[in-house]
>>> print(open('work23.pdb').read())   # PDB, C-alpha atoms
ATOM      1  CA  MET A1409      -4.020  40.118  -5.506
ATOM      2  CA  LYS A1410      -5.235  40.408  -1.906
ATOM      3  CA  ARG A1411      -8.142  38.121  -1.107
ATOM      4  CA  PRO A1412     -11.183  40.212  -0.043
ATOM      5  CA  THR A1413     -12.247  39.957   3.591
ATOM      6  CA  ILE A1414     -15.594  40.374   5.282
ATOM      7  CA  SER A1415     -14.396  43.824   6.382
ATOM      8  CA  ASP A1416     -13.755  44.772   2.745
ATOM      9  CA  VAL A1417     -17.307  43.770   1.812
ATOM     10  CA  ALA A1418     -18.706  45.705   4.786
ATOM     11  CA  SER A1419     -16.720  48.807   3.845
ATOM     12  CA  ARG A1420     -17.870  48.680   0.215
ATOM     13  CA  ALA A1421     -21.502  48.169   1.252
ATOM     14  CA  GLY A1422     -21.376  50.774   4.027
ATOM     15  CA  VAL A1423     -22.577  48.326   6.681
ATOM     16  CA  THR A1424     -21.122  46.483   9.667
ATOM     17  CA  THR A1425     -19.348  43.136   9.412
ATOM     18  CA  ALA A1426     -22.205  41.639  11.438
ATOM     19  CA  ALA A1427     -24.651  42.754   8.739
ATOM     20  CA  VAL A1428     -22.519  41.079   6.075
ATOM     21  CA  SER A1429     -22.462  37.881   8.107
ATOM     22  CA  PHE A1430     -26.240  37.981   8.547
ATOM     23  CA  ALA A1431     -26.784  38.573   4.845
ATOM     24  CA  LEU A1432     -24.427  35.874   3.550
ATOM     25  CA  ASN A1433     -25.612  33.245   6.024
ATOM     26  CA  GLY A1434     -29.326  33.855   5.455
ATOM     27  CA  GLN A1435     -29.904  35.017   9.003
ATOM     28  CA  PRO A1436     -32.374  37.706  10.152
ATOM     29  CA  GLY A1437     -31.032  41.137  11.009
ATOM     30  CA  VAL A1438     -30.944  42.890   7.632
ATOM     31  CA  SER A1439     -33.677  43.974   5.249
ATOM     32  CA  PRO A1440     -34.256  42.047   2.005
ATOM     33  CA  ALA A1441     -32.924  44.977  -0.048
ATOM     34  CA  THR A1442     -29.774  45.245   2.063
ATOM     35  CA  ARG A1443     -29.250  41.492   1.907
ATOM     36  CA  GLU A1444     -29.532  41.524  -1.881
ATOM     37  CA  ARG A1445     -27.080  44.427  -2.160
ATOM     38  CA  ILE A1446     -24.518  42.769   0.147
ATOM     39  CA  VAL A1447     -24.733  39.454  -1.697
ATOM     40  CA  ALA A1448     -24.208  41.230  -5.033
ATOM     41  CA  ILE A1449     -21.184  43.159  -3.733
ATOM     42  CA  ALA A1450     -19.653  39.996  -2.226
ATOM     43  CA  ALA A1451     -20.058  38.178  -5.543
ATOM     44  CA  GLU A1452     -18.554  41.109  -7.465
ATOM     45  CA  MET A1453     -15.532  41.165  -5.134
ATOM     46  CA  GLY A1454     -15.102  37.382  -5.224
ATOM     47  CA  PHE A1455     -15.543  37.055  -1.492
ATOM     48  CA  GLN A1456     -15.936  33.557  -0.048
ATOM     49  CA  PRO A1457     -16.309  33.012   3.723
ATOM     50  CA  SER A1458     -13.596  30.796   5.181
ATOM     51  CA  SER A1459     -14.576  27.348   6.430
ATOM     52  CA  ALA A1460     -13.509  28.306   9.941
ATOM     53  CA  ALA A1461     -15.667  31.434   9.928
ATOM     54  CA  ARG A1462     -18.609  29.551   8.459
ATOM     55  CA  ALA A1463     -18.268  26.864  11.133
ATOM     56  CA  LEU A1464     -18.307  29.502  13.851
ATOM     57  CA  SER A1465     -21.322  31.314  12.403
ATOM     58  CA  ASN A1466     -23.641  28.419  11.550
ATOM     59  CA  GLY A1467     -21.866  25.299  12.769
ATOM     60  CA  ASN A1468     -21.232  24.009   9.237
ATOM     61  CA  ALA A1469     -17.801  23.566   7.706
ATOM     62  CA  GLY A1470     -19.091  22.984   4.184
ATOM     63  CA  ALA A1471     -16.763  19.993   3.795
ATOM     64  CA  PHE A1472     -16.668  16.242   4.320
ATOM     65  CA  GLY A1473     -13.616  14.183   5.165
ATOM     66  CA  LEU A1474     -12.064  10.971   3.853
ATOM     67  CA  VAL A1475      -8.975   9.377   5.400
ATOM     68  CA  ILE A1476      -7.313   6.507   3.544
ATOM     69  CA  ALA A1477      -4.748   4.481   5.448
ATOM     70  CA  ARG A1478      -2.740   3.379   2.423
ATOM     71  CA  PRO A1479       0.740   4.343   1.167
ATOM     72  CA  ALA A1480       0.642   7.375  -1.130
ATOM     73  CA  ALA A1481       2.557   5.545  -3.875
ATOM     74  CA  THR A1482      -0.001   2.737  -3.867
ATOM     75  CA  LEU A1483      -2.985   5.042  -3.834
ATOM     76  CA  GLY A1484      -1.692   6.958  -6.841
ATOM     77  CA  VAL A1485      -2.075   3.906  -9.093
ATOM     78  CA  GLU A1486      -5.110   2.300  -7.425
ATOM     79  CA  PRO A1487      -8.025   2.487  -9.902
ATOM     80  CA  PHE A1488     -10.645   1.763  -7.230
ATOM     81  CA  TYR A1489      -9.963   4.872  -5.189
ATOM     82  CA  MET A1490      -9.582   7.088  -8.242
ATOM     83  CA  GLN A1491     -13.075   6.063  -9.381
ATOM     84  CA  PHE A1492     -14.480   6.204  -5.846
ATOM     85  CA  VAL A1493     -13.233   9.742  -5.208
ATOM     86  CA  SER A1494     -14.461  10.895  -8.618
ATOM     87  CA  GLY A1495     -17.952   9.722  -7.655
ATOM     88  CA  ILE A1496     -17.789  11.619  -4.365
ATOM     89  CA  GLU A1497     -16.621  14.789  -6.092
ATOM     90  CA  ALA A1498     -19.346  14.540  -8.730
ATOM     91  CA  GLU A1499     -21.938  14.512  -5.947
ATOM     92  CA  LEU A1500     -20.404  17.275  -3.824
ATOM     93  CA  SER A1501     -19.053  19.729  -6.379
ATOM     94  CA  PRO A1502     -22.341  21.227  -7.695
ATOM     95  CA  ASP A1503     -22.905  23.136  -4.437
ATOM     96  CA  LEU A1504     -19.169  23.655  -3.784
ATOM     97  CA  THR A1505     -19.071  21.250  -0.841
ATOM     98  CA  ALA A1506     -15.428  20.302  -0.400
ATOM     99  CA  LEU A1507     -13.871  16.881   0.097
ATOM    100  CA  LEU A1508     -11.000  16.935   2.552
ATOM    101  CA  LEU A1509      -8.844  13.934   1.582
ATOM    102  CA  THR A1510      -5.828  12.851   3.575
ATOM    103  CA  LEU A1511      -3.615   9.780   3.843
ATOM    104  CA  ALA A1512      -2.673   8.104   7.111
ATOM    105  CA  GLU A1513       0.085   5.670   8.001
ATOM    106  CA  ASP A1514      -2.123   3.546  10.254
ATOM    107  CA  ARG A1515      -5.389   3.454  12.185
ATOM    108  CA  ALA A1516      -3.960   5.521  15.062
ATOM    109  CA  SER A1517      -3.018   8.300  12.647
ATOM    110  CA  GLU A1518      -6.434   8.096  11.027
ATOM    111  CA  ILE A1519      -8.188   8.449  14.383
ATOM    112  CA  ALA A1520      -5.926  11.398  15.228
ATOM    113  CA  ALA A1521      -7.072  13.070  11.999
ATOM    114  CA  TYR A1522     -10.735  12.621  12.981
ATOM    115  CA  ARG A1523     -10.111  14.179  16.377
ATOM    116  CA  ALA A1524      -8.276  17.130  14.831
ATOM    117  CA  TRP A1525     -10.997  17.726  12.242
ATOM    118  CA  TRP A1526     -13.658  17.630  14.961
ATOM    119  CA  ALA A1527     -11.761  20.022  17.248
ATOM    120  CA  GLN A1528     -11.100  22.456  14.398
ATOM    121  CA  ARG A1529     -14.636  22.185  12.953
ATOM    122  CA  ARG A1530     -13.143  21.389   9.568
ATOM    123  CA  VAL A1531     -15.687  18.776   8.415
ATOM    124  CA  ASP A1532     -19.384  18.110   8.821
ATOM    125  CA  GLY A1533     -18.947  14.343   8.552
ATOM    126  CA  VAL A1534     -16.645  11.610   7.280
ATOM    127  CA  LEU A1535     -16.645   8.589   5.020
ATOM    128  CA  VAL A1536     -15.058   5.501   6.560
ATOM    129  CA  VAL A1537     -13.441   2.893   4.285
ATOM    130  CA  ASP A1538     -11.647  -0.449   4.739
ATOM    131  CA  LEU A1539     -13.799  -1.583   7.655
ATOM    132  CA  GLU A1540     -12.420  -4.102  10.134
ATOM    133  CA  PRO A1541     -14.288  -6.368  12.562
ATOM    134  CA  HIS A1542     -14.755  -4.474  15.838
ATOM    135  CA  ASP A1543     -13.355  -1.408  14.094
ATOM    136  CA  PRO A1544     -11.906   1.031  16.671
ATOM    137  CA  ARG A1545     -12.774   4.037  14.488
ATOM    138  CA  ILE A1546     -16.497   3.482  14.978
ATOM    139  CA  ALA A1547     -16.334   3.994  18.755
ATOM    140  CA  VAL A1548     -14.246   7.157  18.315
ATOM    141  CA  LEU A1549     -16.682   8.667  15.815
ATOM    142  CA  GLN A1550     -19.553   7.835  18.185
ATOM    143  CA  GLU A1551     -17.694   9.567  21.007
ATOM    144  CA  LEU A1552     -17.123  12.655  18.868
ATOM    145  CA  ARG A1553     -20.714  12.557  17.550
ATOM    146  CA  LEU A1554     -19.262  13.098  14.115
ATOM    147  CA  PRO A1555     -21.663  11.995  11.351
ATOM    148  CA  ALA A1556     -20.230   9.111   9.354
ATOM    149  CA  VAL A1557     -21.138   6.764   6.521
ATOM    150  CA  ALA A1558     -19.279   3.474   6.316
ATOM    151  CA  VAL A1559     -18.310   2.000   2.960
ATOM    152  CA  GLY A1560     -18.493  -1.696   3.654
ATOM    153  CA  ASP A1561     -20.554  -4.427   5.258
ATOM    154  CA  PRO A1562     -23.056  -3.187   7.882
ATOM    155  CA  ALA A1563     -21.756  -5.862  10.277
ATOM    156  CA  ALA A1564     -18.893  -3.507  11.176
ATOM    157  CA  SER A1565     -20.534  -0.083  10.789
ATOM    158  CA  GLY A1566     -22.003   0.130  14.298
ATOM    159  CA  PRO A1567     -24.764   2.761  14.491
ATOM    160  CA  PHE A1568     -23.704   4.407  11.240
ATOM    161  CA  PRO A1569     -25.329   3.778   7.845
ATOM    162  CA  ALA A1570     -23.348   1.642   5.422
ATOM    163  CA  VAL A1571     -23.079   1.613   1.650
ATOM    164  CA  TRP A1572     -22.076  -1.886   0.691
ATOM    165  CA  GLY A1573     -22.078  -4.716  -1.816
ATOM    166  CA  ASP A1574     -22.532  -8.447  -1.277
ATOM    167  CA  ASP A1575     -18.953  -9.721  -1.544
ATOM    168  CA  ALA A1576     -19.947 -13.284  -0.662
ATOM    169  CA  ALA A1577     -22.467 -13.539  -3.497
ATOM    170  CA  THR A1578     -19.963 -12.025  -5.924
ATOM    171  CA  MET A1579     -17.324 -14.571  -4.952
ATOM    172  CA  ARG A1580     -19.780 -17.404  -5.497
ATOM    173  CA  THR A1581     -20.458 -16.067  -8.981
ATOM    174  CA  VAL A1582     -16.747 -16.075  -9.825
ATOM    175  CA  VAL A1583     -16.183 -19.612  -8.527
ATOM    176  CA  GLN A1584     -19.229 -20.974 -10.333
ATOM    177  CA  TYR A1585     -18.071 -19.339 -13.572
ATOM    178  CA  LEU A1586     -14.603 -20.902 -13.380
ATOM    179  CA  ALA A1587     -16.002 -24.279 -12.336
ATOM    180  CA  GLY A1588     -18.354 -24.117 -15.301
ATOM    181  CA  LEU A1589     -15.358 -23.694 -17.598
ATOM    182  CA  GLY A1590     -13.947 -26.923 -16.158
ATOM    183  CA  HIS A1591     -11.308 -25.629 -13.745
ATOM    184  CA  ARG A1592     -10.610 -27.939 -10.792
ATOM    185  CA  ARG A1593      -7.637 -26.158  -9.167
ATOM    186  CA  ILE A1594      -8.384 -22.514  -8.387
ATOM    187  CA  ALA A1595      -6.301 -20.016  -6.424
ATOM    188  CA  ARG A1596      -7.051 -16.574  -5.075
ATOM    189  CA  VAL A1597      -4.721 -13.659  -4.370
ATOM    190  CA  SER A1598      -6.406 -11.742  -1.577
ATOM    191  CA  GLY A1599      -6.118  -8.259  -0.195
ATOM    192  CA  ILE A1600      -5.126  -7.331   3.367
ATOM    193  CA  SER A1601      -6.525  -9.987   5.689
ATOM    194  CA  ARG A1602      -7.590  -7.694   8.560
ATOM    195  CA  TYR A1603     -10.163  -5.955   6.369
ATOM    196  CA  LEU A1604     -13.699  -7.262   6.765
ATOM    197  CA  HIS A1605     -14.372  -7.412   3.032
ATOM    198  CA  THR A1606     -11.254  -9.565   2.565
ATOM    199  CA  GLN A1607     -12.420 -11.923   5.316
ATOM    200  CA  ILE A1608     -15.894 -12.182   3.777
ATOM    201  CA  ARG A1609     -14.406 -13.018   0.389
ATOM    202  CA  THR A1610     -12.004 -15.562   1.885
ATOM    203  CA  ASP A1611     -14.808 -17.332   3.728
ATOM    204  CA  ALA A1612     -17.053 -17.312   0.641
ATOM    205  CA  PHE A1613     -14.213 -18.567  -1.583
ATOM    206  CA  GLY A1614     -13.597 -21.514   0.717
ATOM    207  CA  LYS A1615     -17.272 -22.434   0.962
ATOM    208  CA  ALA A1616     -17.924 -22.068  -2.773
ATOM    209  CA  THR A1617     -14.915 -24.130  -3.849
ATOM    210  CA  ARG A1618     -15.696 -26.882  -1.328
ATOM    211  CA  ALA A1619     -19.301 -26.996  -2.495
ATOM    212  CA  ALA A1620     -18.088 -27.408  -6.086
ATOM    213  CA  GLY A1621     -15.515 -30.048  -5.127
ATOM    214  CA  LEU A1622     -12.564 -27.913  -6.224
ATOM    215  CA  GLU A1623      -8.985 -27.739  -4.970
ATOM    216  CA  ALA A1624      -8.427 -24.200  -3.751
ATOM    217  CA  VAL A1625      -5.860 -22.047  -1.987
ATOM    218  CA  THR A1626      -5.732 -18.371  -0.974
ATOM    219  CA  ALA A1627      -2.482 -16.386  -0.958
ATOM    220  CA  GLU A1628      -2.537 -13.136   0.996
ATOM    221  CA  ALA A1629      -1.215  -9.944  -0.600
ATOM    222  CA  ASP A1630      -1.794  -6.226   0.002
ATOM    223  CA  PHE A1631      -3.480  -4.922  -3.172
ATOM    224  CA  THR A1632      -0.134  -3.740  -4.637
ATOM    225  CA  SER A1633       1.257  -4.876  -7.981
ATOM    226  CA  GLU A1634       4.493  -6.027  -6.319
ATOM    227  CA  HIS A1635       2.738  -8.388  -3.923
ATOM    228  CA  GLY A1636       0.341  -9.503  -6.641
ATOM    229  CA  ALA A1637       3.251 -10.573  -8.851
ATOM    230  CA  GLU A1638       5.061 -12.256  -5.951
ATOM    231  CA  ALA A1639       1.983 -14.231  -4.881
ATOM    232  CA  THR A1640       1.389 -15.293  -8.484
ATOM    233  CA  ARG A1641       4.946 -16.560  -8.868
ATOM    234  CA  GLU A1642       4.710 -18.626  -5.684
ATOM    235  CA  LEU A1643       1.383 -20.144  -6.714
ATOM    236  CA  LEU A1644       2.603 -21.082 -10.185
ATOM    237  CA  GLN A1645       5.806 -22.621  -8.800
ATOM    238  CA  SER A1646       3.911 -24.900  -6.394
ATOM    239  CA  ALA A1647       3.730 -28.669  -6.874
ATOM    240  CA  GLN A1648       0.124 -28.448  -8.085
ATOM    241  CA  PRO A1649      -0.211 -25.011  -9.690
ATOM    242  CA  PRO A1650      -3.706 -23.639 -10.236
ATOM    243  CA  THR A1651      -5.261 -23.390 -13.661
ATOM    244  CA  ALA A1652      -7.148 -20.228 -12.669
ATOM    245  CA  ILE A1653      -6.429 -17.355 -10.289
ATOM    246  CA  VAL A1654      -8.879 -14.788  -8.889
ATOM    247  CA  TYR A1655      -7.399 -11.473  -7.722
ATOM    248  CA  ASP A1656      -8.962  -9.131  -5.164
ATOM    249  CA  ASN A1657      -8.262  -6.072  -7.318
ATOM    250  CA  ASP A1658      -7.396  -5.216 -10.885
ATOM    251  CA  LEU A1659      -3.908  -3.899 -10.089
ATOM    252  CA  MET A1660      -2.782  -7.271  -8.724
ATOM    253  CA  ALA A1661      -4.491  -9.069 -11.611
ATOM    254  CA  VAL A1662      -2.544  -7.058 -14.189
ATOM    255  CA  ALA A1663       0.683  -7.752 -12.292
ATOM    256  CA  GLY A1664      -0.223 -11.445 -12.118
ATOM    257  CA  LEU A1665      -0.797 -11.532 -15.860
ATOM    258  CA  GLY A1666       2.655 -10.060 -16.483
ATOM    259  CA  GLN A1667       4.275 -12.517 -14.052
ATOM    260  CA  ALA A1668       2.620 -15.527 -15.685
ATOM    261  CA  GLN A1669       3.730 -14.393 -19.135
ATOM    262  CA  GLN A1670       7.291 -13.872 -17.893
ATOM    263  CA  MET A1671       7.241 -17.480 -16.662
ATOM    264  CA  GLY A1672       6.334 -18.642 -20.159
ATOM    265  CA  LEU A1673       2.658 -19.365 -19.531
ATOM    266  CA  ALA A1674       0.010 -18.436 -22.064
ATOM    267  CA  VAL A1675      -3.139 -16.717 -20.810
ATOM    268  CA  PRO A1676      -5.774 -18.148 -21.089
ATOM    269  CA  ALA A1677      -4.441 -21.388 -22.677
ATOM    270  CA  ASP A1678      -2.372 -22.322 -19.585
ATOM    271  CA  LEU A1679      -3.880 -20.047 -16.947
ATOM    272  CA  SER A1680      -7.152 -18.147 -16.555
ATOM    273  CA  ILE A1681      -7.235 -14.841 -14.689
ATOM    274  CA  VAL A1682     -10.181 -12.959 -13.137
ATOM    275  CA  ALA A1683      -9.969  -9.466 -11.590
ATOM    276  CA  TRP A1684     -12.376  -8.469  -8.826
ATOM    277  CA  ASP A1685     -12.886  -4.837  -9.860
ATOM    278  CA  ASP A1686     -13.028  -3.736 -13.457
ATOM    279  CA  SER A1687     -11.155  -0.695 -14.762
ATOM    280  CA  VAL A1688      -9.536   0.602 -17.918
ATOM    281  CA  LEU A1689      -6.412  -1.362 -16.896
ATOM    282  CA  CYS A1690      -8.297  -4.597 -17.501
ATOM    283  CA  GLU A1691      -9.055  -3.583 -21.076
ATOM    284  CA  LEU A1692      -5.632  -2.218 -21.985
ATOM    285  CA  VAL A1693      -3.570  -5.349 -21.285
ATOM    286  CA  HIS A1694      -3.262  -8.338 -23.616
ATOM    287  CA  PRO A1695      -5.277 -10.395 -23.313
ATOM    288  CA  PRO A1696      -7.890  -8.111 -21.720
ATOM    289  CA  LEU A1697      -8.930  -9.367 -18.290
ATOM    290  CA  THR A1698     -12.200 -10.968 -17.331
ATOM    291  CA  ALA A1699     -13.484  -8.907 -14.414
ATOM    292  CA  MET A1700     -16.330  -8.322 -12.000
ATOM    293  CA  HIS A1701     -17.629  -4.920 -13.095
ATOM    294  CA  ARG A1702     -19.395  -2.598 -10.641
ATOM    295  CA  ASP A1703     -20.190   1.101 -10.584
ATOM    296  CA  ILE A1704     -17.454   2.309  -8.220
ATOM    297  CA  ALA A1705     -18.054   5.985  -8.982
ATOM    298  CA  GLY A1706     -21.720   5.387  -8.233
ATOM    299  CA  LEU A1707     -20.721   3.831  -4.917
ATOM    300  CA  GLY A1708     -18.803   6.989  -4.010
ATOM    301  CA  GLY A1709     -21.679   9.220  -5.076
ATOM    302  CA  GLU A1710     -24.201   7.231  -3.025
ATOM    303  CA  ALA A1711     -21.961   7.366   0.053
ATOM    304  CA  ALA A1712     -21.599  11.147  -0.319
ATOM    305  CA  ARG A1713     -25.368  11.646  -0.757
ATOM    306  CA  ARG A1714     -26.111   9.684   2.388
ATOM    307  CA  LEU A1715     -23.468  11.537   4.363
ATOM    308  CA  ARG A1716     -24.918  14.859   3.253
ATOM    309  CA  SER A1717     -28.372  13.770   4.432
ATOM    310  CA  LEU A1718     -27.034  12.430   7.712
ATOM    311  CA  ALA A1719     -25.127  15.658   8.424
ATOM    312  CA  ALA A1720     -28.355  17.579   7.783
ATOM    313  CA  GLY A1721     -30.054  15.643  10.574
ATOM    314  CA  GLU A1722     -32.066  13.263   8.400
ATOM    315  CA  GLN A1723     -32.634   9.581   9.132
ATOM    316  CA  VAL A1724     -30.398   7.513   6.861
ATOM    317  CA  GLY A1725     -30.345   3.734   6.455
ATOM    318  CA  HIS A1726     -28.032   1.221   4.802
ATOM    319  CA  HIS A1727     -27.777   0.982   1.029
ATOM    320  CA  GLN A1728     -26.858  -2.203  -0.817
ATOM    321  CA  SER A1729     -25.325  -1.521  -4.211
ATOM    322  CA  PRO A1730     -26.357  -3.515  -7.287
ATOM    323  CA  PRO A1731     -24.332  -6.732  -7.635
ATOM    324  CA  PRO A1732     -21.240  -6.631  -9.874
ATOM    325  CA  VAL A1733     -21.622  -8.044 -13.374
ATOM    326  CA  LEU A1734     -19.210 -10.708 -14.576
ATOM    327  CA  THR A1735     -17.600  -9.393 -17.757
ATOM    328  CA  PRO A1736     -15.826 -12.215 -19.622
ATOM    329  CA  ARG A1737     -12.869 -11.171 -21.763
ATOM    330  CA  GLY A1738      -9.822 -12.844 -23.236
ATOM    331  CA  SER A1739      -8.147 -13.948 -19.997
ATOM    332  CA  THR A1740     -10.443 -16.890 -19.213
ATOM    333  CA  ALA A1741     -11.012 -20.195 -21.022
ATOM    334  CA  PRO A1742     -11.321 -23.916 -20.207
ATOM    335  CA  PRO A1743      -8.191 -25.343 -18.551
ATOM    336  CA  PRO A1744      -5.516 -27.202 -20.523
ATOM    337  CA  GLY A1745      -6.772 -30.539 -21.781
ATOM    338  CA  ARG A1746     -10.428 -29.549 -21.883
TER     339      ARG A1746
END
>>> encode(input="work23.pdb", output="structure tokens")
Amino acid sequence: MKRPTISDVASRAGVTTAAVSFALNGQPGVSPATRERIVAIAAEMGFQPSSAARALSNGNAGAFGLVIARPAATLGVEPFYMQFVSGIEAELSPDLTALLLTLAEDRASEIAAYRAWWAQRRVDGVLVVDLEPHDPRIAVLQELRLPAVAVGDPAASGPFPAVWGDDAATMRTVVQYLAGLGHRRIARVSGISRYLHTQIRTDAFGKATRAAGLEAVTAEADFTSEHGAEATRELLQSAQPPTAIVYDNDLMAVAGLGQAQQMGLAVPADLSIVAWDDSVLCELVHPPLTAMHRDIAGLGGEAARRLRSLAAGEQVGHHQSPPPVLTPRGSTAPPPGR
């Protein structure tokens, strides 16, 4: 079935294509009765103006963009981004605003995508994730004057509003919880070290464990299950293995649980495990994982709301999300001998 064009609507209504454009974009140039008739005919025919045509007529693409510089295979099983995108879509879908989602190999490819979207008028703004200190994307978006909302600490968002959570305070909560159970040797499997949120967590982990008089070590991974399992194996094979491990995401925590069990350790009798973000994965494994629970879908929705307001020319400030809630489950207990 041929998709109807603006010329088809004009022919059916007996008007010019300019009149159809005026009517559908709410612009002056047609009478109220003619506008109503054109809108009704367009709806009956199933006509929708293309994003390119809409951008040319009123400067709006009717879409926002999100570039994620992660491997596609990893993203497909990453609970965080599935929940985050669902929150964005829940906010944008009621008025048919589209989310243009693409994956990039690296920061250079991500920046190239922003430049292409700007040149083609494909998006009205973008959401920026995985902030880095002195993030090069911020300067490019400033240069393009492309509205943006950063998802991460305001320290790296430049002039753009940020939607963020206090990672340092959350890490202190985790360390204090494990110390309260009696653990004295605690390890952490971190995410990618160049990300600002990873650096904030690493710094807070070191300060919190030193303040509590604990032995602590951080092993860097990349948020994938493979690296999570590998880091866990190396930690547990060390001369002084930890009695508790904190993971920077739930995917690595589940992989760490499986690795520990393969090595003959009982969780939580021999090893306690805490996942940073909560998801259904944490509840499906045995034992279910203690986790820091936060409203990730709500985070995505808030970021989308602020981007919509910013693109409309409104003044938008930073938004700090409610702190995650520690949700104890079967993967944590006092260490052996306590």
>>> resolve_selection(input="work23.pdb", expression="the PyMOL selection byres ((chain A and resi 1568) around 12)", output="PyMOL selection string")
chain A and resi 1533-1536+1545-1547+1549-1550+1553-1567+1569-1571+1711+1714-1715+1718-1719+1723-1727
>>> closest_residue(input="work23.pdb", among="A:Ile1704, A:Ala1506, A:Leu1692, A:Ala1677", to="A:Asn1468", atoms="only C-alpha atoms")
A:Ala1506
>>> resolve_selection(input="work23.pdb", expression="the PyMOL selection byres ((chain A and resi 1595) around 7)", output="PyMOL selection string")
chain A and resi 1593-1594+1596-1597+1624-1626+1650+1652-1654
>>> closest_residue(input="work23.pdb", among="A:Asp1658, A:Glu1642, A:Asp1575, A:Glu1540", to="A:Leu1604", atoms="all atoms listed in the file")
A:Glu1540
>>> closest_residue(input="work23.pdb", among="A:Pro1676, A:Thr1413, A:Thr1640, A:Phe1430", to="A:Leu1589", atoms="all atoms listed in the file")
A:Pro1676
>>> resolve_selection(input="work23.pdb", expression="the PyMOL selection byres ((chain A and resi 1744) around 9)", output="PDB file with C-alpha atoms, in the coordinates of the input")
ATOM      1  CA  THR A1651      -5.261 -23.390 -13.661  1.00  0.00           C
ATOM      2  CA  ALA A1677      -4.441 -21.388 -22.677  1.00  0.00           C
ATOM      3  CA  ASP A1678      -2.372 -22.322 -19.585  1.00  0.00           C
ATOM      4  CA  LEU A1679      -3.880 -20.047 -16.947  1.00  0.00           C
ATOM      5  CA  ALA A1741     -11.012 -20.195 -21.022  1.00  0.00           C
ATOM      6  CA  PRO A1742     -11.321 -23.916 -20.207  1.00  0.00           C
ATOM      7  CA  PRO A1743      -8.191 -25.343 -18.551  1.00  0.00           C
ATOM      8  CA  GLY A1745      -6.772 -30.539 -21.781  1.00  0.00           C
ATOM      9  CA  ARG A1746     -10.428 -29.549 -21.883  1.00  0.00           C
TER      10      ARG A1746
END
>>> residues_around(input="work23.pdb", residues="A:Gly1434", least_positions_apart="2", cutoff="12 Å", atoms="only C-alpha atoms", output="list in words")
Ala1427, Val1428, Ser1429, Phe1430, Ala1431, Leu1432, Pro1436, Gly1437, Val1438, Ser1439, Pro1440, Thr1442, Arg1443, Glu1444, Ile1446, Val1447, Arg1462, Ser1465 and Asn1466 of chain A
>>> closest_residue(input="work23.pdb", among="A:Pro1487, A:Gly1621, A:Gly1495, A:Gly1454", to="A:Trp1684", atoms="all atoms listed in the file")
A:Pro1487
>>> closest_residue(input="work23.pdb", among="A:Trp1526, A:Leu1500, A:Arg1737, A:Ala1477", to="A:Asp1538", atoms="all atoms listed in the file")
A:Ala1477
>>> residues_around(input="work23.pdb", residues="A:Ile1600", least_positions_apart="2", cutoff="8 Å", atoms="only C-alpha atoms", output="count of residues only")
8
>>> closest_residue(input="work23.pdb", among="A:Leu1622, A:Gly1664, A:Gly1614, A:Val1493", to="A:Glu1638", atoms="only C-alpha atoms")
A:Gly1664
>>> atom_distance(input="work23.pdb", atom1="atom CA of A:Arg1523", atom2="atom CA of A:Asp1543")
16.1 Å
>>> build_atoms(input="work23.pdb", residues="stretch 1430-1437 of chain A", atoms="N, CA, C and O atoms", output="mmCIF file, keeping the file's coordinate frame")
data_model
loop_
_atom_site.group_PDB
_atom_site.id
_atom_site.type_symbol
_atom_site.label_atom_id
_atom_site.label_comp_id
_atom_site.auth_asym_id
_atom_site.auth_seq_id
_atom_site.Cartn_x
_atom_site.Cartn_y
_atom_site.Cartn_z
ATOM 1 N N PHE A 1430 -24.814 38.303 8.575
ATOM 2 C CA PHE A 1430 -26.240 37.981 8.547
ATOM 3 C C PHE A 1430 -26.721 37.761 7.116
ATOM 4 O O PHE A 1430 -27.442 36.799 6.822
ATOM 5 N N ALA A 1431 -26.308 38.632 6.223
ATOM 6 C CA ALA A 1431 -26.784 38.573 4.845
ATOM 7 C C ALA A 1431 -26.298 37.320 4.128
ATOM 8 O O ALA A 1431 -27.062 36.634 3.440
ATOM 9 N N LEU A 1432 -25.008 37.000 4.289
ATOM 10 C CA LEU A 1432 -24.427 35.874 3.550
ATOM 11 C C LEU A 1432 -24.816 34.525 4.128
ATOM 12 O O LEU A 1432 -24.734 33.511 3.428
ATOM 13 N N ASN A 1433 -25.221 34.502 5.394
ATOM 14 C CA ASN A 1433 -25.612 33.245 6.024
ATOM 15 C C ASN A 1433 -27.116 33.062 6.118
ATOM 16 O O ASN A 1433 -27.594 32.128 6.757
ATOM 17 N N GLY A 1434 -27.874 33.985 5.477
ATOM 18 C CA GLY A 1434 -29.326 33.855 5.455
ATOM 19 C C GLY A 1434 -29.989 34.040 6.793
ATOM 20 O O GLY A 1434 -31.069 33.494 7.042
ATOM 21 N N GLN A 1435 -29.363 34.811 7.670
ATOM 22 C CA GLN A 1435 -29.904 35.017 9.003
ATOM 23 C C GLN A 1435 -30.679 36.331 9.067
ATOM 24 O O GLN A 1435 -30.416 37.265 8.296
ATOM 25 N N PRO A 1436 -31.645 36.440 9.990
ATOM 26 C CA PRO A 1436 -32.374 37.706 10.152
ATOM 27 C C PRO A 1436 -31.437 38.778 10.699
ATOM 28 O O PRO A 1436 -30.389 38.486 11.256
ATOM 29 N N GLY A 1437 -31.850 40.031 10.501
ATOM 30 C CA GLY A 1437 -31.032 41.137 11.009
ATOM 31 C C GLY A 1437 -30.768 42.192 9.974
ATOM 32 O O GLY A 1437 -30.276 43.289 10.303
#
